file model_4.cif (mmCIF, C-alpha atoms)
data_input
loop_
_atom_site.label_atom_id
_atom_site.label_comp_id
_atom_site.auth_asym_id
_atom_site.auth_seq_id
_atom_site.Cartn_x
_atom_site.Cartn_y
_atom_site.Cartn_z
CA MET A 1 33.23 2.37 -3.29
CA ASN A 2 29.64 3.07 -2.32
CA TYR A 3 26.77 0.77 -3.20
CA THR A 4 23.01 0.98 -3.52
CA TYR A 5 21.36 -2.42 -3.24
CA ILE A 6 18.03 -4.24 -3.13
CA LEU A 7 17.41 -7.37 -1.11
CA GLN A 8 14.52 -9.75 -1.59
CA CYS A 9 13.20 -11.21 1.65
CA LYS A 10 11.75 -14.70 2.10
CA ASP A 11 8.25 -13.20 2.09
CA GLY A 12 8.95 -11.65 -1.33
CA SER A 13 9.20 -8.08 -0.05
CA LEU A 14 12.01 -5.80 -1.21
CA TYR A 15 14.43 -3.80 0.94
CA THR A 16 16.58 -1.00 -0.51
CA GLY A 17 19.68 0.36 1.19
CA TRP A 18 23.15 1.80 0.66
CA THR A 19 26.56 1.00 2.11
CA ASN A 20 30.27 1.51 1.56
CA ASP A 21 31.03 -2.18 2.35
CA ILE A 22 28.52 -4.49 0.67
CA GLU A 23 29.99 -7.74 1.99
CA LYS A 24 29.89 -6.52 5.60
CA ARG A 25 26.41 -5.06 5.17
CA LEU A 26 25.02 -8.30 3.72
CA GLY A 27 26.55 -10.16 6.66
CA ASP A 28 24.91 -7.69 9.05
CA HIS A 29 21.50 -8.15 7.43
CA ARG A 30 21.81 -11.93 7.41
CA SER A 31 22.88 -12.11 11.05
CA GLY A 32 20.01 -9.90 12.22
CA ARG A 33 22.23 -6.85 12.89
CA GLY A 34 21.15 -5.01 9.75
CA ALA A 35 17.97 -3.02 9.32
CA ARG A 36 15.01 -3.78 11.59
CA TYR A 37 12.95 -4.48 8.46
CA THR A 38 15.09 -7.42 7.33
CA LYS A 39 15.47 -8.98 10.78
CA GLY A 40 13.54 -12.26 10.80
CA ARG A 41 12.68 -12.04 7.09
CA GLY A 42 15.51 -14.28 5.86
CA PRO A 43 16.79 -15.89 3.91
CA LEU A 44 17.74 -12.73 2.04
CA GLU A 45 18.84 -12.58 -1.56
CA LEU A 46 20.79 -9.72 -3.13
CA ILE A 47 18.83 -9.01 -6.33
CA TYR A 48 20.27 -5.63 -7.34
CA LEU A 49 23.53 -3.76 -6.84
CA GLU A 50 25.02 -0.61 -8.30
CA VAL A 51 28.21 1.32 -7.58
CA SER A 52 28.33 5.05 -6.93
CA ASP A 53 31.30 7.38 -6.87
CA SER A 54 30.29 9.02 -3.61
CA ARG A 55 28.29 8.41 -0.45
CA SER A 56 25.87 11.20 -1.34
CA GLN A 57 25.27 9.74 -4.80
CA ALA A 58 24.55 6.28 -3.32
CA MET A 59 22.16 7.84 -0.79
CA ARG A 60 20.36 9.79 -3.53
CA ARG A 61 19.96 6.61 -5.58
CA GLU A 62 18.62 4.77 -2.53
CA ALA A 63 16.02 7.51 -1.97
CA TRP A 64 15.10 7.53 -5.67
CA ILE A 65 14.66 3.74 -5.77
CA LYS A 66 12.60 3.75 -2.56
CA HIS A 67 10.13 6.10 -4.23
CA LEU A 68 9.63 3.80 -7.24
CA THR A 69 6.61 1.56 -7.39
CA ARG A 70 7.26 -2.13 -6.88
CA GLN A 71 6.69 -2.75 -10.58
CA LYS A 72 9.26 -0.10 -11.56
CA LYS A 73 11.78 -1.55 -9.11
CA LEU A 74 11.35 -4.96 -10.73
CA ILE A 75 11.88 -3.45 -14.19
CA LEU A 76 15.04 -1.69 -12.94
CA ILE A 77 16.34 -4.98 -11.56
CA GLN A 78 15.48 -6.94 -14.71
CA ASN A 79 17.13 -4.44 -17.07
CA SER A 80 20.24 -3.65 -15.04
CA GLY A 81 22.68 -6.46 -15.91
CA TRP A 82 24.45 -5.74 -12.61
CA LYS A 83 25.82 -9.27 -12.14
CA GLU A 84 28.00 -8.83 -15.21
CA HIS A 85 29.99 -6.15 -13.33
CA LEU A 86 30.77 -8.06 -10.11
CA ALA A 87 34.32 -9.00 -11.17
CA GLU A 88 34.98 -5.44 -12.38
CA TRP A 89 33.93 -4.20 -8.91
CA GLY A 90 36.10 -6.82 -7.17
CA LEU A 91 33.05 -8.72 -5.92
CA GLU A 92 33.24 -11.94 -7.92
CA ASN A 93 32.99 -13.98 -4.68
CA LEU A 94 30.05 -12.06 -3.24
CA GLN A 95 27.43 -14.43 -1.78
CA LEU A 96 24.17 -13.37 -3.44
CA GLN A 97 21.89 -15.82 -1.64
CA GLU A 98 21.68 -16.74 2.01
CA GLN A 99 21.23 -20.49 2.32
CA PRO A 100 20.35 -21.64 5.81
CA ALA A 101 20.58 -25.38 6.35
CA GLY A 102 17.45 -27.15 5.18
CA GLU A 103 15.92 -24.20 3.34
CA GLU A 104 15.92 -23.63 -0.39
CA THR A 105 16.48 -20.18 -1.79
CA ILE A 106 13.76 -18.03 -3.29
CA SER A 107 15.28 -18.39 -6.76
CA ALA A 108 15.45 -22.17 -6.41
CA ALA A 109 11.79 -22.27 -5.38
CA VAL A 110 10.81 -20.19 -8.40
CA ARG A 111 12.86 -22.44 -10.73
CA THR A 112 11.24 -25.55 -9.23
CA GLU A 113 7.75 -24.10 -9.71
CA SER A 114 8.60 -23.12 -13.30
CA GLU A 115 9.91 -26.59 -14.09
CA LYS A 116 6.58 -28.00 -12.91
CA GLY A 117 4.83 -25.69 -15.35
CA GLU A 118 3.21 -23.70 -12.59
CA HIS A 119 3.06 -19.92 -12.80
CA THR A 120 4.66 -18.31 -9.79
CA HIS A 121 5.39 -14.65 -9.20
CA VAL A 122 7.77 -13.81 -6.39
CA ILE A 123 7.16 -10.09 -6.07
#

call {"tool": "encode", "arguments": {"input": "model_4.cif", "output": "structure tokens"}}
result
Amino acid sequence: MNYTYILQCKDGSLYTGWTNDIEKRLGDHRSGRGARYTKGRGPLELIYLEVSDSRSQAMRREAWIKHLTRQKKLILIQNSGWKEHLAEWGLENLQLQEQPAGEETISAAVRTESEKGEHTHVI
């Protein structure tokens, strides 16, 4: 299978890529062996994933997504429902969030802020 994915970095920026082995690629990004852009921007959270039938299709989707505005990327992510397909894709154990010791995840920080009644936008 081939995958197009979006990672959210600790600084809130988004990184889009493609791979034919999502678990290995996430490990590469998280260990600093992935893209130069993501190195030092962890923890990284997988916030979007889609499956393509071919390498060329995944690469075309990556290019298409990279040309979207940030707002349109966020709408794509919000409306995708991609997590519902993880088991179907054989990825039910995929680690979505990197959790270094002593650091909370981006999602946890947003939940905490929301529980306090504060308005936070991680974009």

call {"tool": "resolve_selection", "arguments": {"input": "model_4.cif", "expression": "the PyMOL selection byres ((chain A and resi 2) around 12)", "output": "number ranges by chain"}}
result
A: 1, 3-5, 17-23, 25, 49-62, 89

call {"tool": "atom_distance", "arguments": {"input": "model_4.cif", "atom1": "atom CA of Leu44 of chain A", "atom2": "atom CA of Arg70 of chain A"}}
result
17.4 Å

call {"tool": "axis_aligned_box", "arguments": {"input": "model_4.cif", "around": "segment 33-51 of chain A", "padding_each_side": "5 Å", "output": "JSON"}}
result
{"center_x": 20.4, "center_y": -7.3, "center_z": 2.3, "size_x": 25.5, "size_y": 27.2, "size_z": 31.2}

call {"tool": "residues_around", "arguments": {"input": "model_4.cif", "residues": "Gln95 of chain A", "least_positions_apart": "5", "cutoff": "9 Å", "atoms": "only C-alpha atoms", "output": "JSON, numbers by chain"}}
result
{"A": [23, 26, 45, 46]}

call {"tool": "residues_near_point", "arguments": {"input": "model_4.cif", "point": "(17.0, 0.4, -14.1)", "cutoff": "12 Å", "atoms": "only C-alpha atoms", "output": "PyMOL selection string"}}
result
chain A and resi 6+48-50+61+64-65+68+71-82

call {"tool": "write_last_selection", "arguments": {"input": "model_4.cif", "atoms": "C-alpha atoms", "output": "mmCIF file, in the coordinates of the input"}}
result
data_model
loop_
_atom_site.group_PDB
_atom_site.id
_atom_site.type_symbol
_atom_site.label_atom_id
_atom_site.label_comp_id
_atom_site.auth_asym_id
_atom_site.auth_seq_id
_atom_site.Cartn_x
_atom_site.Cartn_y
_atom_site.Cartn_z
ATOM 1 C CA ILE A 6 18.030 -4.240 -3.130
ATOM 2 C CA TYR A 48 20.270 -5.630 -7.340
ATOM 3 C CA LEU A 49 23.530 -3.760 -6.840
ATOM 4 C CA GLU A 50 25.020 -0.610 -8.300
ATOM 5 C CA ARG A 61 19.960 6.610 -5.580
ATOM 6 C CA TRP A 64 15.100 7.530 -5.670
ATOM 7 C CA ILE A 65 14.660 3.740 -5.770
ATOM 8 C CA LEU A 68 9.630 3.800 -7.240
ATOM 9 C CA GLN A 71 6.690 -2.750 -10.580
ATOM 10 C CA LYS A 72 9.260 -0.100 -11.560
ATOM 11 C CA LYS A 73 11.780 -1.550 -9.110
ATOM 12 C CA LEU A 74 11.350 -4.960 -10.730
ATOM 13 C CA ILE A 75 11.880 -3.450 -14.190
ATOM 14 C CA LEU A 76 15.040 -1.690 -12.940
ATOM 15 C CA ILE A 77 16.340 -4.980 -11.560
ATOM 16 C CA GLN A 78 15.480 -6.940 -14.710
ATOM 17 C CA ASN A 79 17.130 -4.440 -17.070
ATOM 18 C CA SER A 80 20.240 -3.650 -15.040
ATOM 19 C CA GLY A 81 22.680 -6.460 -15.910
ATOM 20 C CA TRP A 82 24.450 -5.740 -12.610
#

call {"tool": "build_atoms", "arguments": {"input": "model_4.cif", "residues": "segment 71-88 of chain A", "atoms": "N, CA and C atoms", "output": "compact mmCIF listing (two decimals), keeping the file's coordinate frame"}}
result
# COMPACT_ATOMS: atom_id res chain seq x y z
N GLN A 71 6.56 -2.34 -9.19
CA GLN A 71 6.69 -2.75 -10.58
C GLN A 71 7.91 -2.08 -11.24
N LYS A 72 8.11 -0.80 -10.98
CA LYS A 72 9.26 -0.10 -11.56
C LYS A 72 10.57 -0.58 -10.97
N LYS A 73 10.57 -0.96 -9.71
CA LYS A 73 11.78 -1.55 -9.11
C LYS A 73 12.12 -2.86 -9.82
N LEU A 74 11.12 -3.68 -10.07
CA LEU A 74 11.35 -4.96 -10.73
C LEU A 74 11.87 -4.77 -12.16
N ILE A 75 11.38 -3.75 -12.84
CA ILE A 75 11.88 -3.45 -14.19
C ILE A 75 13.33 -2.99 -14.11
N LEU A 76 13.65 -2.14 -13.14
CA LEU A 76 15.04 -1.69 -12.94
C LEU A 76 15.95 -2.89 -12.73
N ILE A 77 15.54 -3.79 -11.86
CA ILE A 77 16.34 -4.98 -11.56
C ILE A 77 16.52 -5.84 -12.81
N GLN A 78 15.44 -6.07 -13.53
CA GLN A 78 15.48 -6.94 -14.71
C GLN A 78 16.38 -6.37 -15.80
N ASN A 79 16.40 -5.06 -15.97
CA ASN A 79 17.13 -4.44 -17.07
C ASN A 79 18.55 -4.00 -16.72
N SER A 80 18.97 -4.23 -15.48
CA SER A 80 20.24 -3.65 -15.04
C SER A 80 21.49 -4.39 -15.50
N GLY A 81 21.48 -5.70 -15.55
CA GLY A 81 22.68 -6.46 -15.91
C GLY A 81 23.80 -6.31 -14.89
N TRP A 82 23.45 -6.04 -13.64
CA TRP A 82 24.45 -5.74 -12.61
C TRP A 82 25.40 -6.90 -12.32
N LYS A 83 24.96 -8.13 -12.46
CA LYS A 83 25.82 -9.27 -12.14
C LYS A 83 27.04 -9.35 -13.06
N GLU A 84 26.90 -8.82 -14.25
CA GLU A 84 28.00 -8.83 -15.21
C GLU A 84 29.17 -7.96 -14.74
N HIS A 85 28.96 -7.09 -13.78
CA HIS A 85 29.99 -6.15 -13.33
C HIS A 85 30.65 -6.55 -12.01
N LEU A 86 30.25 -7.67 -11.42
CA LEU A 86 30.77 -8.06 -10.11
C LEU A 86 32.29 -8.19 -10.11
N ALA A 87 32.87 -8.84 -11.11
CA ALA A 87 34.32 -9.00 -11.17
C ALA A 87 35.01 -7.65 -11.33
N GLU A 88 34.45 -6.80 -12.15
CA GLU A 88 34.98 -5.44 -12.38
C GLU A 88 35.02 -4.65 -11.06
